[in-house]
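Novice: I'm passing along query03.pdb; it holds PDB, C-alpha atoms and all ligand atoms.
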ATOM      1  CA  MET A   1      10.833  -6.467  11.148
ATOM      2  CA  PRO A   2       7.921  -4.018  10.941
ATOM      3  CA  GLU A   3       5.032  -5.528   8.987
ATOM      4  CA  LEU A   4       2.644  -3.490   6.876
ATOM      5  CA  PRO A   5       0.062  -2.701   9.584
ATOM      6  CA  GLU A   6       2.777  -1.179  11.735
ATOM      7  CA  VAL A   7       4.060   0.864   8.799
ATOM      8  CA  GLU A   8       0.502   2.115   8.314
ATOM      9  CA  VAL A   9       0.453   3.146  11.991
ATOM     10  CA  VAL A  10       3.603   5.174  11.340
ATOM     11  CA  ARG A  11       2.088   6.747   8.198
ATOM     12  CA  ALA A  12      -1.065   7.771  10.064
ATOM     13  CA  GLY A  13       1.047   9.180  12.897
ATOM     14  CA  LEU A  14       3.120  11.223  10.444
ATOM     15  CA  GLU A  15      -0.043  12.497   8.798
ATOM     16  CA  ARG A  16      -1.274  13.646  12.172
ATOM     17  CA  HIS A  17       1.914  15.233  13.437
ATOM     18  CA  VAL A  18       4.051  16.628  10.601
ATOM     19  CA  LEU A  19       1.595  17.701   7.886
ATOM     20  CA  GLY A  20       2.161  21.328   6.932
ATOM     21  CA  ALA A  21       5.461  21.487   8.811
ATOM     22  CA  THR A  22       8.482  23.165   7.204
ATOM     23  CA  ILE A  23      11.891  21.507   7.491
ATOM     24  CA  THR A  24      14.341  24.096   8.829
ATOM     25  CA  ARG A  25      17.470  22.006   9.385
ATOM     26  CA  VAL A  26      18.714  18.530   8.463
ATOM     27  CA  ASP A  27      21.409  16.647  10.389
ATOM     28  CA  VAL A  28      22.717  13.436   8.851
ATOM     29  CA  LEU A  29      24.454  11.741  11.780
ATOM     30  CA  HIS A  30      25.337   8.574   9.861
ATOM     31  CA  THR A  31      25.741   8.326   6.086
ATOM     32  CA  ARG A  32      24.485   4.743   5.675
ATOM     33  CA  PRO A  33      20.748   5.504   5.961
ATOM     34  CA  VAL A  34      21.014   8.051   3.103
ATOM     35  CA  ARG A  35      23.191   5.772   0.920
ATOM     36  CA  ARG A  36      20.480   5.496  -1.747
ATOM     37  CA  ASP A  37      20.292   9.250  -2.207
ATOM     38  CA  PRO A  38      22.060  10.298  -5.428
ATOM     39  CA  GLY A  39      23.029  13.633  -3.865
ATOM     40  CA  GLY A  40      24.788  12.087  -0.883
ATOM     41  CA  PRO A  41      24.309  13.444   2.639
ATOM     42  CA  THR A  42      24.908  17.061   1.572
ATOM     43  CA  GLY A  43      22.538  16.956  -1.386
ATOM     44  CA  PHE A  44      19.973  15.178   0.770
ATOM     45  CA  ALA A  45      20.083  17.924   3.393
ATOM     46  CA  LEU A  46      19.991  20.711   0.788
ATOM     47  CA  ALA A  47      17.006  19.198  -1.008
ATOM     48  CA  LEU A  48      14.958  19.102   2.194
ATOM     49  CA  THR A  49      15.874  22.369   3.889
ATOM     50  CA  GLY A  50      13.091  24.938   3.563
ATOM     51  CA  ARG A  51      10.609  22.466   2.093
ATOM     52  CA  ARG A  52       7.108  21.980   3.465
ATOM     53  CA  ILE A  53       5.624  18.495   4.051
ATOM     54  CA  VAL A  54       2.238  18.299   2.323
ATOM     55  CA  ALA A  55       1.107  14.666   2.854
ATOM     56  CA  ALA A  56       2.108  11.243   4.231
ATOM     57  CA  ARG A  57       1.707   8.308   1.852
ATOM     58  CA  ARG A  58       2.511   4.621   1.705
ATOM     59  CA  ARG A  59       2.943   1.895  -0.898
ATOM     60  CA  GLY A  60       3.574  -1.495   0.698
ATOM     61  CA  LYS A  61       6.190  -0.936   3.377
ATOM     62  CA  TYR A  62       7.538   2.237   1.754
ATOM     63  CA  LEU A  63       6.540   5.608   3.162
ATOM     64  CA  TRP A  64       6.903   8.950   1.467
ATOM     65  CA  LEU A  65       6.327  12.539   2.428
ATOM     66  CA  PRO A  66       5.422  14.635  -0.631
ATOM     67  CA  LEU A  67       7.035  18.079  -0.485
ATOM     68  CA  ASP A  68       5.730  21.435  -1.687
ATOM     69  CA  ASN A  69       8.065  21.423  -4.739
ATOM     70  CA  GLY A  70       6.829  18.091  -6.157
ATOM     71  CA  ASP A  71       9.723  16.018  -4.779
ATOM     72  CA  ALA A  72       9.305  13.531  -1.948
ATOM     73  CA  LEU A  73      11.179  12.226   1.051
ATOM     74  CA  LEU A  74      11.088   8.449   0.574
ATOM     75  CA  GLY A  75      11.694   6.110   3.496
ATOM     76  CA  HIS A  76      11.849   2.436   4.386
ATOM     77  CA  LEU A  77      12.134   1.174   7.954
ATOM     78  CA  GLY A  78      14.116  -1.926   7.040
ATOM     79  CA  MET A  79      14.546  -4.382   9.909
ATOM     80  CA  SER A  80      14.733  -2.000  12.847
ATOM     81  CA  GLY A  81      13.964   1.544  11.682
ATOM     82  CA  GLN A  82      11.758   3.976  13.576
ATOM     83  CA  LEU A  83      10.402   7.393  12.653
ATOM     84  CA  LEU A  84       9.808   9.427  15.775
ATOM     85  CA  VAL A  85       8.316  12.871  16.271
ATOM     86  CA  GLN A  86      10.035  14.291  19.332
ATOM     87  CA  PRO A  87      10.262  17.652  21.098
ATOM     88  CA  SER A  88      13.583  19.197  20.048
ATOM     89  CA  GLU A  89      14.788  19.218  23.653
ATOM     90  CA  ALA A  90      14.388  15.426  23.978
ATOM     91  CA  ALA A  91      17.700  13.601  24.360
ATOM     92  CA  ASP A  92      19.083  11.927  21.253
ATOM     93  CA  GLU A  93      18.184   8.270  20.883
ATOM     94  CA  ARG A  94      21.136   5.890  20.958
ATOM     95  CA  HIS A  95      20.720   4.958  17.285
ATOM     96  CA  LEU A  96      19.596   8.352  15.973
ATOM     97  CA  ARG A  97      20.749   8.594  12.329
ATOM     98  CA  VAL A  98      18.929  11.544  10.732
ATOM     99  CA  ARG A  99      17.250  14.537  12.344
ATOM    100  CA  LEU A 100      14.869  16.994  10.636
ATOM    101  CA  ALA A 101      14.056  20.118  12.655
ATOM    102  CA  LEU A 102      10.522  21.370  11.992
ATOM    103  CA  ARG A 103       8.623  24.608  12.364
ATOM    104  CA  GLY A 104       5.148  25.750  11.481
ATOM    105  CA  ALA A 105       2.640  22.971  12.008
ATOM    106  CA  ALA A 106       5.124  21.038  14.166
ATOM    107  CA  GLU A 107       6.849  23.969  15.878
ATOM    108  CA  GLY A 108       9.625  22.908  18.238
ATOM    109  CA  ARG A 109       9.544  19.299  17.142
ATOM    110  CA  GLU A 110      11.881  17.051  15.229
ATOM    111  CA  LEU A 111      11.298  14.153  12.913
ATOM    112  CA  ARG A 112      13.929  11.586  13.803
ATOM    113  CA  PHE A 113      15.040   8.482  11.930
ATOM    114  CA  VAL A 114      16.380   5.968  14.422
ATOM    115  CA  ASP A 115      17.758   2.667  13.133
ATOM    116  CA  GLN A 116      20.048   0.248  14.910
ATOM    117  CA  ARG A 117      20.812  -2.147  12.048
ATOM    118  CA  MET A 118      20.501   0.399   9.221
ATOM    119  CA  PHE A 119      18.904  -1.785   6.560
ATOM    120  CA  GLY A 120      16.335   0.973   6.181
ATOM    121  CA  GLY A 121      16.942   4.462   4.918
ATOM    122  CA  LEU A 122      15.794   7.796   3.556
ATOM    123  CA  SER A 123      16.281   9.380   0.145
ATOM    124  CA  ILE A 124      14.943  12.183  -2.015
ATOM    125  CA  SER A 125      12.717  11.117  -4.892
ATOM    126  CA  SER A 126      12.871  13.787  -7.571
ATOM    127  CA  GLY A 127       9.350  14.542  -8.779
ATOM    128  CA  GLY A 128       8.087  11.712  -6.580
ATOM    129  CA  ALA A 129       5.299  13.491  -4.710
ATOM    130  CA  GLU A 130       2.509  11.522  -6.407
ATOM    131  CA  LEU A 131       4.325   8.152  -6.588
ATOM    132  CA  PRO A 132       8.114   7.859  -6.403
ATOM    133  CA  SER A 133       9.460   6.165  -9.553
ATOM    134  CA  GLU A 134      11.757   4.078  -7.315
ATOM    135  CA  ILE A 135       8.735   2.170  -5.973
ATOM    136  CA  ALA A 136       6.338   2.370  -8.931
ATOM    137  CA  HIS A 137       6.894  -1.372  -9.623
ATOM    138  CA  ILE A 138       5.565  -2.338  -6.195
ATOM    139  CA  ALA A 139       1.975  -3.540  -6.212
ATOM    140  CA  ARG A 140      -0.673  -2.060  -3.978
ATOM    141  CA  ASP A 141      -1.409  -3.848  -0.704
ATOM    142  CA  PRO A 142      -4.684  -5.636   0.113
ATOM    143  CA  LEU A 143      -5.765  -2.838   2.461
ATOM    144  CA  ASP A 144      -5.428  -0.230  -0.292
ATOM    145  CA  PRO A 145      -8.930   0.761  -1.497
ATOM    146  CA  ALA A 146      -7.618   0.772  -5.096
ATOM    147  CA  PHE A 147      -6.325  -2.832  -4.918
ATOM    148  CA  ASP A 148      -7.709  -4.786  -7.903
ATOM    149  CA  ASP A 149      -8.978  -8.159  -6.594
ATOM    150  CA  ASP A 150      -9.917  -9.553 -10.023
ATOM    151  CA  GLU A 151      -6.517  -8.753 -11.482
ATOM    152  CA  PHE A 152      -4.793 -10.386  -8.501
ATOM    153  CA  VAL A 153      -6.870 -13.569  -8.896
ATOM    154  CA  ARG A 154      -6.105 -13.719 -12.626
ATOM    155  CA  ARG A 155      -2.377 -13.234 -12.164
ATOM    156  CA  VAL A 156      -2.047 -15.793  -9.346
ATOM    157  CA  ARG A 157      -3.875 -18.399 -11.431
ATOM    158  CA  ARG A 158      -1.452 -17.898 -14.313
ATOM    159  CA  ARG A 159       1.577 -18.729 -12.193
ATOM    160  CA  GLY A 160       3.080 -22.128 -11.428
ATOM    161  CA  SER A 161       4.865 -21.017  -8.237
ATOM    162  CA  GLY A 162       3.696 -22.000  -4.787
ATOM    163  CA  VAL A 163       0.971 -19.716  -3.506
ATOM    164  CA  LYS A 164       2.995 -18.570  -0.481
ATOM    165  CA  ARG A 165       5.767 -17.394  -2.785
ATOM    166  CA  LEU A 166       3.127 -15.516  -4.808
ATOM    167  CA  LEU A 167       1.753 -13.848  -1.664
ATOM    168  CA  LEU A 168       5.275 -12.562  -0.942
ATOM    169  CA  ASP A 169       5.856 -11.357  -4.537
ATOM    170  CA  GLN A 170       5.844  -7.545  -4.280
ATOM    171  CA  THR A 171       4.886  -7.174  -7.945
ATOM    172  CA  LEU A 172       1.610  -9.059  -7.330
ATOM    173  CA  VAL A 173       0.668  -7.751  -3.898
ATOM    174  CA  SER A 174       2.708  -5.822  -1.355
ATOM    175  CA  GLY A 175       2.789  -5.838   2.387
ATOM    176  CA  VAL A 176       1.941  -9.488   3.040
ATOM    177  CA  GLY A 177       4.957 -10.531   5.099
ATOM    178  CA  ASN A 178       5.941 -14.034   6.166
ATOM    179  CA  ILE A 179       3.758 -13.959   9.283
ATOM    180  CA  TYR A 180       0.591 -12.749   7.554
ATOM    181  CA  ALA A 181       1.115 -15.188   4.675
ATOM    182  CA  ASP A 182       1.291 -18.159   7.057
ATOM    183  CA  GLU A 183      -1.750 -16.964   8.998
ATOM    184  CA  ALA A 184      -3.831 -16.328   5.863
ATOM    185  CA  LEU A 185      -2.909 -19.751   4.444
ATOM    186  CA  TRP A 186      -3.858 -21.455   7.727
ATOM    187  CA  ARG A 187      -7.232 -19.702   7.737
ATOM    188  CA  ALA A 188      -7.793 -20.598   4.090
ATOM    189  CA  GLY A 189      -6.756 -24.233   4.662
ATOM    190  CA  LEU A 190      -4.185 -24.041   1.867
ATOM    191  CA  HIS A 191      -0.622 -25.331   1.868
ATOM    192  CA  GLY A 192       1.867 -22.684   0.706
ATOM    193  CA  GLU A 193       3.358 -25.008  -1.931
ATOM    194  CA  ARG A 194       0.065 -25.310  -3.801
ATOM    195  CA  PRO A 195       0.766 -23.881  -7.266
ATOM    196  CA  GLY A 196      -1.198 -20.759  -8.124
ATOM    197  CA  GLU A 197      -2.375 -22.296 -11.388
ATOM    198  CA  ARG A 198      -3.974 -25.203  -9.497
ATOM    199  CA  LEU A 199      -6.185 -22.989  -7.330
ATOM    200  CA  THR A 200      -9.733 -22.005  -8.175
ATOM    201  CA  ALA A 201     -10.677 -18.332  -8.438
ATOM    202  CA  ARG A 202     -12.806 -18.839  -5.336
ATOM    203  CA  GLN A 203      -9.817 -20.175  -3.360
ATOM    204  CA  VAL A 204      -7.586 -17.250  -4.358
ATOM    205  CA  ARG A 205     -10.330 -14.776  -3.527
ATOM    206  CA  ALA A 206     -10.887 -16.390  -0.106
ATOM    207  CA  LEU A 207      -7.145 -16.343   0.599
ATOM    208  CA  LEU A 208      -7.010 -12.638  -0.221
ATOM    209  CA  GLU A 209      -9.917 -11.985   2.143
ATOM    210  CA  HIS A 210      -8.177 -13.951   4.921
ATOM    211  CA  ALA A 211      -5.022 -11.884   4.392
ATOM    212  CA  ARG A 212      -7.144  -8.740   4.740
ATOM    213  CA  VAL A 213      -8.733  -9.957   7.971
ATOM    214  CA  VAL A 214      -5.375 -10.870   9.503
ATOM    215  CA  MET A 215      -3.831  -7.541   8.520
ATOM    216  CA  THR A 216      -6.842  -5.505   9.639
ATOM    217  CA  ASP A 217      -6.822  -7.264  13.035
ATOM    218  CA  ALA A 218      -3.148  -6.463  13.424
ATOM    219  CA  LEU A 219      -3.765  -2.866  12.436
ATOM    220  CA  GLY A 220      -6.448  -2.517  15.109
ATOM    221  CA  GLN A 221      -4.251  -4.022  17.782
ATOM    222  CA  GLY A 222      -1.120  -2.159  16.740
ATOM    223  CA  GLY A 223      -2.893   1.154  16.621
ATOM    224  CA  THR A 224      -2.518   2.102  20.247
ATOM    225  CA  SER A 225       0.247   4.604  19.504
ATOM    226  CA  PHE A 226      -1.950   6.629  17.101
ATOM    227  CA  ASP A 227      -2.847   9.271  19.636
ATOM    228  CA  SER A 228       0.586   9.575  21.077
ATOM    229  CA  LEU A 229       3.001  12.222  19.921
ATOM    230  CA  TYR A 230       5.556   9.449  19.926
ATOM    231  CA  VAL A 231       5.171   7.844  16.513
ATOM    232  CA  ASN A 232       6.756   4.505  17.045
ATOM    233  CA  VAL A 233       7.283   1.205  15.411
ATOM    234  CA  ASN A 234       9.524  -1.551  16.658
ATOM    235  CA  GLY A 235       8.282  -4.647  14.886
ATOM    236  CA  GLU A 236       6.563  -5.957  17.993
ATOM    237  CA  SER A 237       2.902  -5.731  18.720
ATOM    238  CA  GLY A 238       0.388  -7.405  20.961
ATOM    239  CA  TYR A 239      -1.026  -9.063  17.876
ATOM    240  CA  PHE A 240       1.877 -11.459  17.681
ATOM    241  CA  ASP A 241       1.289 -12.779  21.172
ATOM    242  CA  ARG A 242      -2.449 -13.212  21.060
ATOM    243  CA  SER A 243      -3.786 -13.972  17.626
ATOM    244  CA  LEU A 244      -1.420 -16.286  15.810
ATOM    245  CA  HIS A 245      -2.722 -19.687  14.782
ATOM    246  CA  ALA A 246       0.248 -20.988  12.809
ATOM    247  CA  TYR A 247       3.264 -18.688  12.762
ATOM    248  CA  GLY A 248       5.826 -19.456  15.467
ATOM    249  CA  ARG A 249       3.731 -22.305  16.911
ATOM    250  CA  ALA A 250       5.796 -25.348  15.867
ATOM    251  CA  ASP A 251       4.667 -28.544  17.668
ATOM    252  CA  GLU A 252       1.728 -26.803  19.353
ATOM    253  CA  PRO A 253      -1.739 -28.207  18.603
ATOM    254  CA  CYS A 254      -3.616 -26.647  15.684
ATOM    255  CA  ASP A 255      -6.443 -24.440  17.017
ATOM    256  CA  ARG A 256      -8.830 -26.100  14.552
ATOM    257  CA  CYS A 257      -7.972 -29.803  14.630
ATOM    258  CA  GLY A 258      -5.334 -30.403  17.322
ATOM    259  CA  THR A 259      -2.663 -31.743  14.952
ATOM    260  CA  PRO A 260       0.796 -30.392  15.870
ATOM    261  CA  ILE A 261       1.787 -27.391  13.742
ATOM    262  CA  ARG A 262       4.792 -28.146  11.561
ATOM    263  CA  ARG A 263       7.714 -25.849  10.730
ATOM    264  CA  VAL A 264       9.682 -26.119   7.483
ATOM    265  CA  ALA A 265      12.469 -24.004   5.977
ATOM    266  CA  PHE A 266      11.284 -21.445   3.435
ATOM    267  CA  MET A 267      13.511 -18.955   1.581
ATOM    268  CA  ASN A 268      15.963 -18.552   4.489
ATOM    269  CA  ARG A 269      13.037 -18.263   6.867
ATOM    270  CA  SER A 270      10.352 -20.615   8.143
ATOM    271  CA  SER A 271       6.866 -21.630   7.173
ATOM    272  CA  TYR A 272       4.367 -22.887   9.723
ATOM    273  CA  PHE A 273       1.311 -24.915   8.770
ATOM    274  CA  CYS A 274      -1.084 -27.590   9.980
ATOM    275  CA  PRO A 275      -0.424 -30.798   8.022
ATOM    276  CA  SER A 276      -4.077 -31.856   8.416
ATOM    277  CA  CYS A 277      -5.893 -28.614   7.600
ATOM    278  CA  GLN A 278      -3.312 -27.636   4.962
ATOM    279  CA  PRO A 279      -2.314 -30.883   3.256
ATOM    280  CA  VAL A 280       0.966 -30.938   1.370
ATOM    281  CA  PRO A 281       0.274 -31.034  -2.390
ATOM    282  CA  ARG A 282       0.946 -34.355  -4.098
ATOM    283  CA  ARG A 283       4.267 -34.735  -5.906
ATOM    284  CA  PRO A 284       5.198 -35.006  -8.648
ATOM    285  CA  ARG A 285       2.397 -32.669  -9.380
ATOM    286  CA  ALA A 286       0.115 -33.378 -12.292
ATOM    287  CA  LEU A 287       0.302 -30.914 -15.151
ATOM    288  CA  PRO A 288      -2.768 -28.742 -15.656
ATOM    289  CA  PRO A 289      -5.142 -29.711 -18.433
ATOM    290  CA  GLY A 290      -3.913 -28.795 -21.876
ATOM    291  CA  ARG A 291      -0.231 -28.805 -20.925
ATOM    292  CA  ARG A 292       2.083 -31.643 -21.861
ATOM    293  CA  PRO A 293       5.574 -32.346 -20.629
ATOM    294  CA  LEU A 294       8.336 -31.460 -23.059
ATOM    295  CA  PRO A 295       9.685 -34.495 -24.927
ATOM    296  CA  PRO A 296      13.020 -35.813 -23.661
ATOM    297  CA  GLY A 297      16.011 -33.848 -24.875
ATOM    298  CA  ASN A 298      14.300 -30.424 -24.761
TER     299      ASN A 298
HETATM  300 ZN    ZN A 301      -5.393 -28.238  11.748
END
Could you write out this structure as structure tokens?
Specialist:
Amino acid sequence: MPELPEVEVVRAGLERHVLGATITRVDVLHTRPVRRDPGGPTGFALALTGRRIVAARRRGKYLWLPLDNGDALLGHLGMSGQLLVQPSEAADERHLRVRLALRGAAEGRELRFVDQRMFGGLSISSGGAELPSEIAHIARDPLDPAFDDDEFVRRVRRRGSGVKRLLLDQTLVSGVGNIYADEALWRAGLHGERPGERLTARQVRALLEHARVVMTDALGQGGTSFDSLYVNVNGESGYFDRSLHAYGRADEPCDRCGTPIRRVAFMNRSSYFCPSCQPVPRRPRALPPGRRPLPPGN
């Protein structure tokens, strides 16, 4: 699954290669990727034809291309989606789903949505050029210059959920996937089950900084395709082989203390942590000061 840094690579590639281009033709080769569009495949194609792409933006893992009429083409890569800019004579990809022919700034090229598993998709967001209403509830990501650190710290410390669950809550912060959450928690020396309300402001702030470092590293290492015409994302990057301290390393020695990394089930996925550096919180957990258990019967 593409993580946020890879989606940012795609956004930057789109900005470089399709800005100012006019969409001259739209081919929907499979209806599933446009299933969220209220106009269906025909309305989708009509809404795009003749429009000019004026920017390339991102909120979390959503991408959108604002159009010259104030609408936007909104996209999500899902598990396996790719957005490719290809010369129009290039052979169709095996899982090509939607093709936009371009002229002007991207003369003779096509923007192609390729998706094997089709969890991702494209849709028109009416009036969504600035921020599509469909994704307005999604928080900014930690790499966004407008991300509000103080507000994040306050909100985490008001919540009783485990801090890993909070890191994955798209209404608090977007773009921190399972891998980056585990890596940031390892660096911060925090177990993911530690309740947000039991963390100090300093701990939450440090965790946020670790998430930023992990994601920025990944962005640097995943950025090799920036200069290529081939805007590509496939969910794999060199980062995952070289830089992981916790994720995917079950039973291997912790890079800090040598204790074997442990894997546990987490929301249909896995969490990886060092049981020494990231001690499991005590249970049953003590209630925070000022809070009393409800009397029996309530
Ligand atoms: Zn350790």
Novice: Taking the file as shown, find all residues satisfying the PyMOL selection byres (((not hetatm)) within 12 of (chain A and resi 301)) and write them as an MDAnalysis selection string.
Specialist: chainID A and resid 185:191 245:246 251:262 272:279
Novice: I would like the residues chosen by the PyMOL selection byres (((chain A and resi 130) around 9) and not hetatm) on the shown file; could you give them as a VMD selection string?
Specialist: chain A and resid 57 66 70 to 72 127 to 129 131 to 132
Novice: Residue by residue, what does the PyMOL selection byres (((chain A and resi 54) around 12) and not hetatm) grab here? Present the result as a PDB file with C-alpha atoms, in the frame of the given file.
Specialist:
ATOM      1  CA  LEU A  14       3.120  11.223  10.444  1.00  0.00           C
ATOM      2  CA  GLU A  15      -0.043  12.497   8.798  1.00  0.00           C
ATOM      3  CA  ARG A  16      -1.274  13.646  12.172  1.00  0.00           C
ATOM      4  CA  HIS A  17       1.914  15.233  13.437  1.00  0.00           C
ATOM      5  CA  VAL A  18       4.051  16.628  10.601  1.00  0.00           C
ATOM      6  CA  LEU A  19       1.595  17.701   7.886  1.00  0.00           C
ATOM      7  CA  GLY A  20       2.161  21.328   6.932  1.00  0.00           C
ATOM      8  CA  ALA A  21       5.461  21.487   8.811  1.00  0.00           C
ATOM      9  CA  THR A  22       8.482  23.165   7.204  1.00  0.00           C
ATOM     10  CA  ILE A  23      11.891  21.507   7.491  1.00  0.00           C
ATOM     11  CA  ARG A  51      10.609  22.466   2.093  1.00  0.00           C
ATOM     12  CA  ARG A  52       7.108  21.980   3.465  1.00  0.00           C
ATOM     13  CA  ILE A  53       5.624  18.495   4.051  1.00  0.00           C
ATOM     14  CA  ALA A  55       1.107  14.666   2.854  1.00  0.00           C
ATOM     15  CA  ALA A  56       2.108  11.243   4.231  1.00  0.00           C
ATOM     16  CA  ARG A  57       1.707   8.308   1.852  1.00  0.00           C
ATOM     17  CA  TRP A  64       6.903   8.950   1.467  1.00  0.00           C
ATOM     18  CA  LEU A  65       6.327  12.539   2.428  1.00  0.00           C
ATOM     19  CA  PRO A  66       5.422  14.635  -0.631  1.00  0.00           C
ATOM     20  CA  LEU A  67       7.035  18.079  -0.485  1.00  0.00           C
ATOM     21  CA  ASP A  68       5.730  21.435  -1.687  1.00  0.00           C
ATOM     22  CA  ASN A  69       8.065  21.423  -4.739  1.00  0.00           C
ATOM     23  CA  GLY A  70       6.829  18.091  -6.157  1.00  0.00           C
ATOM     24  CA  ASP A  71       9.723  16.018  -4.779  1.00  0.00           C
ATOM     25  CA  ALA A  72       9.305  13.531  -1.948  1.00  0.00           C
ATOM     26  CA  LEU A  73      11.179  12.226   1.051  1.00  0.00           C
ATOM     27  CA  ALA A 105       2.640  22.971  12.008  1.00  0.00           C
ATOM     28  CA  ALA A 129       5.299  13.491  -4.710  1.00  0.00           C
ATOM     29  CA  GLU A 130       2.509  11.522  -6.407  1.00  0.00           C
TER      30      GLU A 130
END
Novice: Which residues are near region 204-211 of chain A? Cut-off 9 Å, all atoms listed in the file, ignore same chain within fewer than 6 positions. Put them as a list of chain:residue names.
Specialist: A:Pro142, A:Asp149, A:Asp150, A:Phe152, A:Val153, A:Val156, A:Arg157, A:Val163, A:Leu167, A:Val176, A:Tyr180, A:Ala181, A:Glu183, A:Ala184, A:Leu185, A:Arg187, A:Ala188, A:Gly189, A:Leu190, A:Gly196
Novice: Show me as a list in words the residues that reach within 9 Å of (4.7, -5.6, -0.8), counting all atoms listed in the file and using the file's own coordinates.
Specialist: Leu4, Arg59, Gly60, Lys61, Tyr62, Ile138, Ala139, Arg140, Asp141, Leu167, Leu168, Asp169, Gln170, Thr171, Leu172, Val173, Ser174, Gly175, Val176 and Gly177 of chain A
Novice: Write out as a VMD selection string which residues come within 8 Å of region 32-44 of chain A when counting only C-alpha atoms, dropping same-chain ones fewer than 2 positions away.
Specialist: chain A and resid 28 30 46 to 48 97 to 98 118 to 124
Novice: So which residues fall inside 7 Å of (12.8, 22.9, 7.8) if we count all atoms listed in the file? Mind giving them as an MDAnalysis selection string?
Specialist: chainID A and resid 22:25 49:51 100:103
Novice: Which is closer to Glu89 (chain A) than all the others in A:Gly108, A:Val264, A:Asp27, A:Val280, using only C-alpha atoms?
Specialist: A:Gly108
Novice: Just the number, please: distance in Å from CA of Leu29 (chain A) to CA of Arg112 (chain A), one decimal.
Specialist: 10.7 Å
Novice: Which one of A:Val214, A:Ala45, A:Met267, A:Ile135 sits closest to Ile179 (chain A) if you count all atoms listed in the file?
Specialist: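 Going through A:Val214, A:Ala45, A:Met267, A:Ile135 one by one, the smallest distance to Ile179 (chain A) is for A:Val214.
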Novice: From the set A:Glu151, A:Arg269, A:Leu74, A:Met79, which residue has the shortest atom-to-atom contact distance to Ser133 (chain A), counting only C-alpha atoms?
Specialist: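 Checking each of A:Glu151, A:Arg269, A:Leu74, A:Met79 against Ser133 (chain A), counting only C-alpha atoms, the winner is A:Leu74.
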